[in-house]
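The structure appears right after this line, and notes come after that.
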Amino acid sequence: MKYLLSTLALSLLAVHAGARADDGRTTAAAWPPKISFADGTELSLGGNLQYDLNRFSGEGYNGAALEDDDAWRRQEIGVTLKRKGVYDFGATFDFEAKTWNDVALRLETKALFGHDAGKVRIGQMKLPLGFEGNTGTRHVSMLEPSLPTQAFYQGRRSGIDWAFERAHYIANVGYFFESDLQGNNKGDTAAFRLAWTPRKAAGDVLHLGIAGSQERPDSEVNGLGVTVYPSVRWRAKPEASLTGVRLVDSGTLTRVDQIERMGLEALWIHGPWSLQGEYLRQETTRELGLPSYSADGGYVLGSWLVTGESRGYSGGNVSNPKPKGKYGALELLARYSRIDLDSDGIAGGREHNWTLGANWYLTPYFKFQANYVKSDATRGAFSADPSVFQLRAQMHF
């Protein structure tokens with residue numbers, strides 16, 4: 001299917017490049033590339049290309065090195081087929097990670113039943129749990145998710161999802177009954193997200209929410225006919241993608257029966273200022289009398305758009321601001337995050353990070369980001385306090 005996706009993408013680019021006016025003259029077609037049909041259906045191309053640079057100072061535990069690196073972070077290409085007010089189908093593949101992102105069909109119930117009862121989505125998608133986990137990769141404020149989001153967010157699964165939004169509230173419920181499209185993470189998950197939005201206008205948002213999920217992973221039989229029982233591992237990188245080092249790590253927990261997650265979230269946007277925060281917690285229950293394991297964490301993020309724009313907000317989540325001036329929009333940010341994986345006799349470690357960031361939205365399609373992360377972690381008798389300077393160049397459409 002990824003080869004079909006590549007062919008569609010190239011075809012759309014070709015059509016876009018060859019667009020002509022009625023008199024035969026070549027014209028500048030709309031961007032992103034799309035084909036419009038007579039009945040209002042549109043076929044469009046989307047993408048998100050990110051290249052990162054990481055420069056570390058300090059060391060991990062026992063002098064373990066965190067090596068400098070630069071590499072592609074994401075190479076996402078996707079296509080969308082939609083008819084406004086009726087349906088949309090999207091499929092995106094990350095050629096860097098070699099994994100499918102969202103591949104789902106969303107239906108508008110108003111087109112089906114004559115009244116709006118929300119939107120129903122079927123396919124592979126993100127679970128409805130929190131802000132950072134559900135923020136589109138092209139819209140992230142910091143280069144990497146916070147510690148608790150990395151450790152506890154479940155990721156994408158295949159299933160069915162219902163979303164219902166009104167002026168002052170949002171409800172989102174999903175049931176995921178298949179593994180992801182890579183064939184991993186088998187099992188069932190039920191999840192929900194509810195939010196109260198007493199203020200929801202451009203540049204004036206207040207969002208308060210709660211979310212939760214219950215996952216029941218399945219056993220698998222390997223190629224040798226041996227049953228492999230469910231296991232889980234809770235860990236996080238020091239908010240830098242181009243390293244394999246984890247300063248906090250629960251180790252592998254075997255014979256998992258179920259995993260419960262919960263989250264509290266808040267967002268305030270007032271003109272160029274915004275505050276965003278989440279608290280996330282998980283509890284792992286195991287079989288054969290093995291002890292349960294619980295852990296938690298949270299973060300607070302502050303943002304100021306120096307050039308006067310506001311962060312975008314729609315559908316219960318944030319998006320990039322739209323630059324007003326010819327030199328783009330400049331955003332300054334700060335985030336504090338923490339995680340505690342010491343619990344129930346397991347020394348998974350504790351970590352808290354401070355991050356300073358700057359984003360330059362040069363155009364609606366080009367974005368440059370810089371982060372400086374200072375980590376402070378302990379695990380058992382060991383401690384570490386490395387730091388990392390990160391840069392990202394991004395083109396998205």
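The chains in the structure tokens are called A, B, ... from first to last as shown; in each chain the residues are counted from 1, and the ligands are counted from 1 in the order shown.
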Contacts between range 153-172 of chain A and range 183-232 of chain A, please, where a residue of range 183-232 of chain A counts if it comes within 10 Å (with only C-alpha atoms); show its shortest atom pair and distance in Å to one decimal, rows by chain and ascending number, as a Markdown table.
```
| residue | atom | partner | partner_atom | distance |
| --- | --- | --- | --- | --- |
| A:Gly183 | CA | A:Arg157 | CA | 9.9 |
| A:Asn184 | CA | A:Arg157 | CA | 9.2 |
| A:Asn185 | CA | A:Arg157 | CA | 8.0 |
| A:Lys186 | CA | A:Arg157 | CA | 8.9 |
| A:Gly187 | CA | A:Arg157 | CA | 9.4 |
| A:Asp188 | CA | A:Gly159 | CA | 9.1 |
| A:Thr189 | CA | A:Arg157 | CA | 8.6 |
| A:Ala190 | CA | A:Gly159 | CA | 9.7 |
| A:Ala191 | CA | A:Asn172 | CA | 8.3 |
| A:Phe192 | CA | A:Asn172 | CA | 5.5 |
| A:Arg193 | CA | A:Asn172 | CA | 5.0 |
| A:Leu194 | CA | A:Ala171 | CA | 4.7 |
| A:Ala195 | CA | A:Ile170 | CA | 5.1 |
| A:Trp196 | CA | A:Tyr169 | CA | 4.5 |
| A:Thr197 | CA | A:His168 | CA | 4.5 |
| A:Pro198 | CA | A:His168 | CA | 5.0 |
| A:Arg199 | CA | A:His168 | CA | 7.3 |
| A:Lys200 | CA | A:Ala167 | CA | 7.3 |
| A:Ala201 | CA | A:Ala167 | CA | 9.7 |
| A:Leu206 | CA | A:His168 | CA | 9.8 |
| A:His207 | CA | A:Tyr169 | CA | 8.7 |
| A:Leu208 | CA | A:Tyr169 | CA | 9.3 |
| A:Gly209 | CA | A:Ile170 | CA | 8.8 |
| A:Ala211 | CA | A:Asn172 | CA | 9.1 |
| A:Ser213 | CA | A:Gln154 | CA | 9.3 |
| A:Glu215 | CA | A:Gln154 | CA | 9.1 |
```
| request: Extract, using only C-alpha atoms, all DNA, RNA and protein residues at most 9 Å from Gly328 in chain A, discarding same-chain residues fewer than 4 positions from it, and format them as an MDAnalysis selection string. | output: chainID A and resid 307 322:324 360:364
Produce a file of the selected residues containing C-alpha atoms, as a short mmCIF file (atom, residue, chain, number, x, y, z; two decimals), in the first residue's frame.
```cif
data_model
loop_
_atom_site.label_atom_id
_atom_site.label_comp_id
_atom_site.auth_asym_id
_atom_site.auth_seq_id
_atom_site.Cartn_x
_atom_site.Cartn_y
_atom_site.Cartn_z
CA THR A 307 4.84 39.01 16.92
CA LYS A 322 -0.72 31.72 11.20
CA PRO A 323 2.03 34.28 10.50
CA LYS A 324 0.76 37.81 9.89
CA TRP A 360 10.05 30.72 13.85
CA TYR A 361 7.03 30.20 11.59
CA LEU A 362 8.54 31.61 8.43
CA THR A 363 5.44 30.85 6.31
CA PRO A 364 2.40 28.59 6.79
#
```
* Give me the residues within 8 Å of Leu81 in chain A as a ChimeraX atom specification, counting only C-alpha atoms and dropping any in the same chain fewer than 6 places off. => /A:41-44,88-90
A straight line from CA of Phe95 in chain A to CA of Arg83 in chain A spans 27.2 Å
Run DSSP on the backbone and give me the residues of range 151-296 of chain A it puts in strand (DSSP E or B), as a short mmCIF file (atom, residue, chain, number, x, y, z; two decimals) with N, CA and C atoms, in the first residue's frame.
```cif
data_model
loop_
_atom_site.label_atom_id
_atom_site.label_comp_id
_atom_site.auth_asym_id
_atom_site.auth_seq_id
_atom_site.Cartn_x
_atom_site.Cartn_y
_atom_site.Cartn_z
N ARG A 156 -0.99 4.65 18.35
CA ARG A 156 -2.07 4.36 17.41
C ARG A 156 -2.52 2.91 17.51
N ARG A 157 -3.83 2.72 17.31
CA ARG A 157 -4.41 1.39 17.25
C ARG A 157 -5.52 1.41 16.18
N SER A 158 -5.98 0.24 15.79
CA SER A 158 -7.07 0.13 14.81
C SER A 158 -8.38 -0.10 15.53
N GLY A 159 -9.42 0.63 15.13
CA GLY A 159 -10.71 0.48 15.78
C GLY A 159 -11.70 1.49 15.25
N ILE A 160 -12.61 1.92 16.14
CA ILE A 160 -13.66 2.86 15.78
C ILE A 160 -13.72 3.96 16.82
N ASP A 161 -13.99 5.19 16.38
CA ASP A 161 -13.93 6.35 17.25
C ASP A 161 -15.11 7.27 16.93
N TRP A 162 -15.70 7.85 17.99
CA TRP A 162 -16.82 8.80 17.82
C TRP A 162 -16.45 10.10 18.51
N ALA A 163 -16.62 11.22 17.80
CA ALA A 163 -16.32 12.54 18.34
C ALA A 163 -17.53 13.44 18.17
N PHE A 164 -17.87 14.16 19.25
CA PHE A 164 -19.04 15.04 19.25
C PHE A 164 -18.63 16.36 19.89
N GLU A 165 -18.81 17.46 19.17
CA GLU A 165 -18.37 18.76 19.67
C GLU A 165 -19.51 19.77 19.60
N ARG A 166 -19.64 20.53 20.68
CA ARG A 166 -20.57 21.65 20.76
C ARG A 166 -19.82 22.87 21.28
N TYR A 169 -18.50 22.07 24.98
CA TYR A 169 -17.95 20.78 25.41
C TYR A 169 -17.56 19.93 24.22
N ILE A 170 -16.70 18.95 24.51
CA ILE A 170 -16.23 17.98 23.51
C ILE A 170 -16.28 16.60 24.14
N ALA A 171 -16.82 15.63 23.42
CA ALA A 171 -16.84 14.24 23.87
C ALA A 171 -16.22 13.36 22.79
N ASN A 172 -15.35 12.45 23.21
CA ASN A 172 -14.65 11.58 22.28
C ASN A 172 -14.53 10.20 22.92
N VAL A 173 -15.05 9.18 22.25
CA VAL A 173 -15.03 7.81 22.77
C VAL A 173 -14.54 6.88 21.67
N GLY A 174 -13.70 5.92 22.05
CA GLY A 174 -13.20 4.98 21.05
C GLY A 174 -13.06 3.58 21.60
N TYR A 175 -13.21 2.61 20.72
CA TYR A 175 -12.95 1.21 21.07
C TYR A 175 -12.01 0.64 20.01
N PHE A 176 -10.88 0.11 20.45
CA PHE A 176 -9.83 -0.33 19.55
C PHE A 176 -9.61 -1.82 19.78
N PHE A 177 -9.90 -2.59 18.74
CA PHE A 177 -10.00 -4.04 18.89
C PHE A 177 -8.99 -4.80 18.04
N GLU A 178 -8.07 -4.07 17.41
CA GLU A 178 -7.05 -4.71 16.59
C GLU A 178 -5.69 -4.11 16.92
N GLY A 187 -4.47 -6.61 21.15
CA GLY A 187 -5.32 -6.50 22.31
C GLY A 187 -6.44 -5.50 22.11
N ASP A 188 -7.26 -5.30 23.14
CA ASP A 188 -8.40 -4.38 23.09
C ASP A 188 -8.15 -3.19 24.00
N THR A 189 -8.66 -2.03 23.59
CA THR A 189 -8.60 -0.83 24.42
C THR A 189 -9.89 -0.04 24.28
N ALA A 190 -10.46 0.39 25.40
CA ALA A 190 -11.57 1.33 25.41
C ALA A 190 -11.04 2.65 25.97
N ALA A 191 -11.37 3.77 25.33
CA ALA A 191 -10.82 5.06 25.74
C ALA A 191 -11.86 6.16 25.60
N PHE A 192 -11.72 7.21 26.41
CA PHE A 192 -12.62 8.37 26.32
C PHE A 192 -11.84 9.64 26.62
N ARG A 193 -12.40 10.75 26.15
CA ARG A 193 -11.88 12.08 26.45
C ARG A 193 -13.05 13.05 26.51
N LEU A 194 -13.18 13.79 27.60
CA LEU A 194 -14.24 14.76 27.78
C LEU A 194 -13.61 16.11 28.14
N ALA A 195 -14.13 17.18 27.55
CA ALA A 195 -13.57 18.51 27.83
C ALA A 195 -14.68 19.54 27.90
N TRP A 196 -14.52 20.46 28.84
CA TRP A 196 -15.40 21.62 28.98
C TRP A 196 -14.68 22.81 28.36
N THR A 197 -15.35 23.52 27.45
CA THR A 197 -14.73 24.63 26.73
C THR A 197 -15.60 25.88 26.84
N PRO A 198 -15.62 26.53 28.01
CA PRO A 198 -16.48 27.71 28.17
C PRO A 198 -16.07 28.87 27.28
N ARG A 199 -14.80 28.89 26.84
CA ARG A 199 -14.34 29.94 25.91
C ARG A 199 -13.63 29.23 24.76
N LYS A 200 -14.10 29.52 23.55
CA LYS A 200 -13.56 28.82 22.38
C LYS A 200 -13.68 29.72 21.16
N ALA A 201 -12.94 30.82 21.18
CA ALA A 201 -12.88 31.73 20.04
C ALA A 201 -11.42 31.90 19.64
N ASP A 204 -8.86 33.20 22.17
CA ASP A 204 -9.50 33.26 23.48
C ASP A 204 -10.08 31.88 23.80
N VAL A 205 -9.28 31.03 24.45
CA VAL A 205 -9.66 29.63 24.67
C VAL A 205 -9.43 29.25 26.13
N LEU A 206 -10.40 28.52 26.69
CA LEU A 206 -10.23 27.85 27.97
C LEU A 206 -10.76 26.44 27.80
N HIS A 207 -9.90 25.46 28.03
CA HIS A 207 -10.22 24.05 27.81
C HIS A 207 -9.79 23.29 29.06
N LEU A 208 -10.73 22.57 29.68
CA LEU A 208 -10.45 21.74 30.85
C LEU A 208 -10.99 20.34 30.57
N GLY A 209 -10.12 19.33 30.70
CA GLY A 209 -10.54 18.01 30.28
C GLY A 209 -10.05 16.88 31.16
N ILE A 210 -10.67 15.72 30.95
CA ILE A 210 -10.30 14.49 31.62
C ILE A 210 -10.36 13.37 30.59
N ALA A 211 -9.48 12.39 30.72
CA ALA A 211 -9.44 11.28 29.76
C ALA A 211 -9.01 10.01 30.48
N GLY A 212 -9.35 8.88 29.89
CA GLY A 212 -8.94 7.61 30.48
C GLY A 212 -9.05 6.49 29.48
N SER A 213 -8.37 5.38 29.78
CA SER A 213 -8.44 4.21 28.91
C SER A 213 -8.17 2.95 29.71
N GLN A 214 -8.67 1.84 29.21
CA GLN A 214 -8.39 0.52 29.78
C GLN A 214 -7.95 -0.39 28.65
N GLU A 215 -6.73 -0.90 28.77
CA GLU A 215 -6.14 -1.77 27.75
C GLU A 215 -6.02 -3.19 28.29
N ARG A 216 -6.40 -4.15 27.46
CA ARG A 216 -6.23 -5.57 27.78
C ARG A 216 -5.41 -6.22 26.66
N PRO A 217 -4.09 -6.31 26.85
CA PRO A 217 -3.24 -6.88 25.80
C PRO A 217 -3.44 -8.39 25.67
N GLU A 220 0.43 -13.91 22.39
CA GLU A 220 0.71 -14.27 21.00
C GLU A 220 1.45 -15.60 20.97
N VAL A 221 1.36 -16.29 19.85
CA VAL A 221 2.11 -17.52 19.63
C VAL A 221 3.18 -17.24 18.59
N THR A 227 3.81 -19.78 23.36
CA THR A 227 2.97 -18.66 23.76
C THR A 227 3.81 -17.57 24.42
N VAL A 228 3.67 -16.36 23.91
CA VAL A 228 4.36 -15.20 24.49
C VAL A 228 3.31 -14.36 25.22
N VAL A 232 4.97 -5.22 29.22
CA VAL A 232 5.00 -3.78 28.96
C VAL A 232 6.27 -3.21 29.58
N ARG A 233 6.73 -2.12 29.02
CA ARG A 233 7.93 -1.44 29.54
C ARG A 233 7.69 0.06 29.50
N TRP A 234 7.83 0.72 30.65
CA TRP A 234 7.60 2.16 30.76
C TRP A 234 8.95 2.87 30.80
N ARG A 235 9.19 3.78 29.87
CA ARG A 235 10.47 4.48 29.82
C ARG A 235 10.35 5.73 28.96
N ALA A 236 11.36 6.60 29.03
CA ALA A 236 11.32 7.84 28.26
C ALA A 236 12.74 8.32 27.97
N VAL A 248 15.19 7.02 32.62
CA VAL A 248 14.17 6.37 33.45
C VAL A 248 13.61 5.18 32.69
N ASP A 249 13.48 4.04 33.38
CA ASP A 249 13.09 2.81 32.69
C ASP A 249 12.62 1.80 33.73
N SER A 250 11.38 1.36 33.60
CA SER A 250 10.83 0.39 34.55
C SER A 250 11.38 -1.01 34.34
N GLY A 251 11.99 -1.26 33.17
CA GLY A 251 12.30 -2.62 32.79
C GLY A 251 11.02 -3.31 32.31
N THR A 252 11.17 -4.52 31.79
CA THR A 252 10.03 -5.24 31.24
C THR A 252 9.21 -5.89 32.34
N LEU A 253 7.90 -5.58 32.34
CA LEU A 253 6.96 -6.17 33.28
C LEU A 253 6.19 -7.27 32.55
N VAL A 256 1.18 -9.32 31.95
CA VAL A 256 0.29 -8.17 32.14
C VAL A 256 -1.15 -8.58 31.88
N ASP A 257 -2.04 -8.24 32.79
CA ASP A 257 -3.47 -8.51 32.63
C ASP A 257 -4.18 -7.32 32.00
N GLN A 258 -4.00 -6.13 32.59
CA GLN A 258 -4.61 -4.93 32.03
C GLN A 258 -3.82 -3.70 32.43
N ILE A 259 -4.01 -2.63 31.65
CA ILE A 259 -3.35 -1.34 31.91
C ILE A 259 -4.42 -0.26 31.90
N GLU A 260 -4.46 0.50 32.97
CA GLU A 260 -5.39 1.63 33.05
C GLU A 260 -4.61 2.93 33.01
N ARG A 261 -5.05 3.83 32.16
CA ARG A 261 -4.43 5.15 32.04
C ARG A 261 -5.47 6.21 32.34
N MET A 262 -5.03 7.34 32.89
CA MET A 262 -5.93 8.47 33.09
C MET A 262 -5.14 9.76 32.91
N GLY A 263 -5.85 10.81 32.53
CA GLY A 263 -5.20 12.10 32.33
C GLY A 263 -6.10 13.26 32.66
N LEU A 264 -5.49 14.33 33.16
CA LEU A 264 -6.16 15.61 33.36
C LEU A 264 -5.43 16.63 32.50
N GLU A 265 -6.18 17.54 31.87
CA GLU A 265 -5.57 18.47 30.93
C GLU A 265 -6.21 19.84 31.03
N ALA A 266 -5.41 20.86 30.73
CA ALA A 266 -5.91 22.24 30.75
C ALA A 266 -5.17 23.05 29.70
N LEU A 267 -5.90 23.98 29.08
CA LEU A 267 -5.32 24.87 28.08
C LEU A 267 -5.96 26.24 28.21
N TRP A 268 -5.13 27.28 28.21
CA TRP A 268 -5.60 28.67 28.25
C TRP A 268 -4.86 29.44 27.17
N ILE A 269 -5.60 30.08 26.29
CA ILE A 269 -5.02 30.94 25.26
C ILE A 269 -5.66 32.31 25.37
N HIS A 270 -4.83 33.33 25.47
CA HIS A 270 -5.32 34.71 25.53
C HIS A 270 -4.41 35.56 24.66
N TRP A 273 -0.53 34.89 24.38
CA TRP A 273 -0.09 34.11 25.54
C TRP A 273 -0.88 32.80 25.63
N SER A 274 -0.21 31.79 26.13
CA SER A 274 -0.93 30.53 26.38
C SER A 274 -0.22 29.72 27.45
N LEU A 275 -1.01 28.93 28.17
CA LEU A 275 -0.53 27.95 29.14
C LEU A 275 -1.20 26.62 28.84
N GLN A 276 -0.43 25.55 28.92
CA GLN A 276 -0.95 24.21 28.66
C GLN A 276 -0.33 23.25 29.64
N GLY A 277 -1.13 22.33 30.18
CA GLY A 277 -0.59 21.36 31.14
C GLY A 277 -1.36 20.07 31.13
N GLU A 278 -0.68 18.98 31.55
CA GLU A 278 -1.31 17.67 31.65
C GLU A 278 -0.73 16.90 32.84
N TYR A 279 -1.57 16.07 33.41
CA TYR A 279 -1.13 15.07 34.39
C TYR A 279 -1.54 13.72 33.86
N LEU A 280 -0.59 12.78 33.79
CA LEU A 280 -0.85 11.44 33.26
C LEU A 280 -0.44 10.39 34.28
N ARG A 281 -1.22 9.32 34.34
CA ARG A 281 -0.95 8.25 35.29
C ARG A 281 -1.34 6.91 34.66
N GLN A 282 -0.59 5.87 34.99
CA GLN A 282 -0.93 4.52 34.55
C GLN A 282 -0.83 3.54 35.71
N GLU A 283 -1.62 2.48 35.65
CA GLU A 283 -1.53 1.39 36.62
C GLU A 283 -1.58 0.07 35.86
N THR A 284 -0.57 -0.74 36.04
CA THR A 284 -0.45 -2.03 35.37
C THR A 284 -0.79 -3.15 36.35
N THR A 285 -1.78 -3.95 36.00
CA THR A 285 -2.18 -5.10 36.80
C THR A 285 -1.66 -6.37 36.14
N ARG A 286 -1.08 -7.27 36.97
CA ARG A 286 -0.46 -8.48 36.41
C ARG A 286 -1.09 -9.75 36.98
N TYR A 293 1.83 -2.29 39.26
CA TYR A 293 2.84 -1.23 39.14
C TYR A 293 2.15 0.04 38.66
N SER A 294 2.37 1.14 39.35
CA SER A 294 1.77 2.41 38.97
C SER A 294 2.86 3.48 38.87
N ALA A 295 2.62 4.47 38.02
CA ALA A 295 3.58 5.55 37.83
C ALA A 295 2.84 6.76 37.29
N ASP A 296 3.43 7.94 37.45
CA ASP A 296 2.76 9.15 36.98
C ASP A 296 3.76 10.21 36.57
#
```
Across A:Ala202, A:Ala240, A:Leu224, A:Leu391, the smallest distance to Pro321 in chain A, with only C-alpha atoms counted, is shown by A:Ala202
Closest of A:Asn353, A:Thr254, A:Arg246, A:Ala358 to Gly60 in chain A, counting only C-alpha atoms, is A:Arg246
Computed gap from CA of Lys34 in chain A to CA of Ile77 in chain A is 13.8 Å
### Query
CA of Trp354 in chain A and CA of Tyr299 in chain A are how many Å apart?
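CA of Trp354 in chain A sits 9.8 Å away from CA of Tyr299 in chain A.
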Practice prompt. Pick out the closest residue to Asn359 in chain A from this set: A:Trp304, A:Phe56, A:Phe152, A:Phe93. Count only C-alpha atoms.
Written response: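 Closest to Asn359 in chain A, using only C-alpha atoms: A:Trp304.
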For Arg138 in chain A, which of A:Asn48, A:Asn371, A:Ser314, A:Thr355 is the closest residue, counting only C-alpha atoms?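 Under the stated criterion, the closest residue is A:Asn48.
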Would you return as a list in words the members of range 86-174 of chain A that DSSP assigns to helix (DSSP H, G or I) on this structure's backbone?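 Reading the DSSP output for range 86-174 of chain A, helix (DSSP H, G or I) covers Thr109, Lys110, Ala111, Leu112, Phe113, Glu132, Gly133, Asn134, Thr137, Arg138, His139, Leu147, Pro148, Thr149, Gln150, Ala151 and Phe152 of chain A.
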Can I get the selection written as a CSV table (one decimal), in the first residue's frame, with N, CA and C atoms?
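Saved result, selection-v7.csv, follows:
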```csv
chain,number,residue,atom,x,y,z
A,109,THR,N,-22.2,12.2,10.5
A,109,THR,CA,-23.5,11.7,10.7
A,109,THR,C,-24.6,12.5,10.1
A,110,LYS,N,-24.4,13.8,10.0
A,110,LYS,CA,-25.4,14.7,9.4
A,110,LYS,C,-25.7,14.3,8.0
A,111,ALA,N,-24.7,13.9,7.2
A,111,ALA,CA,-24.9,13.5,5.9
A,111,ALA,C,-25.6,12.1,5.8
A,112,LEU,N,-25.5,11.3,6.8
A,112,LEU,CA,-26.1,10.0,6.9
A,112,LEU,C,-27.5,10.0,7.4
A,113,PHE,N,-27.7,10.8,8.5
A,113,PHE,CA,-29.0,10.7,9.2
A,113,PHE,C,-29.9,12.0,9.1
A,132,GLU,N,-0.7,16.4,24.1
A,132,GLU,CA,0.5,16.1,23.3
A,132,GLU,C,0.4,14.9,22.5
A,133,GLY,N,-0.2,13.8,23.0
A,133,GLY,CA,-0.3,12.6,22.3
A,133,GLY,C,-1.1,12.7,21.0
A,134,ASN,N,-2.1,13.6,21.0
A,134,ASN,CA,-3.0,13.8,19.9
A,134,ASN,C,-2.6,15.0,19.0
A,137,THR,N,1.9,16.0,14.2
A,137,THR,CA,3.3,16.2,14.3
A,137,THR,C,3.8,17.5,13.7
A,138,ARG,N,3.1,18.0,12.8
A,138,ARG,CA,3.5,19.3,12.2
A,138,ARG,C,3.2,20.5,13.1
A,139,HIS,N,2.4,20.3,14.1
A,139,HIS,CA,1.9,21.4,15.0
A,139,HIS,C,2.6,21.3,16.4
A,147,LEU,N,8.2,14.0,29.1
A,147,LEU,CA,8.5,12.7,29.7
A,147,LEU,C,7.3,11.8,29.9
A,148,PRO,N,6.2,12.3,30.5
A,148,PRO,CA,5.0,11.4,30.8
A,148,PRO,C,4.3,11.0,29.5
A,149,THR,N,4.3,11.9,28.5
A,149,THR,CA,3.6,11.6,27.2
A,149,THR,C,4.4,10.5,26.5
A,150,GLN,N,5.7,10.6,26.5
A,150,GLN,CA,6.6,9.5,25.9
A,150,GLN,C,6.3,8.2,26.6
A,151,ALA,N,6.3,8.2,27.9
A,151,ALA,CA,6.2,6.9,28.6
A,151,ALA,C,4.8,6.3,28.6
A,152,PHE,N,3.8,7.1,28.7
A,152,PHE,CA,2.4,6.6,29.0
A,152,PHE,C,1.5,6.6,27.9
```
So that I can check the surroundings of Leu333 in chain A, please list as a ChimeraX atom specification every protein, DNA and RNA residue that reaches within 8 Å of it, counting only C-alpha atoms and ignoring chain neighbours fewer than 6 positions away. /A:301-304,356-358
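Proximity ranking of A:Glu59, A:Gln390, A:Ser383, A:Gly85 relative to Gly114 in chain A places A:Gly85 first, based on only C-alpha atoms.
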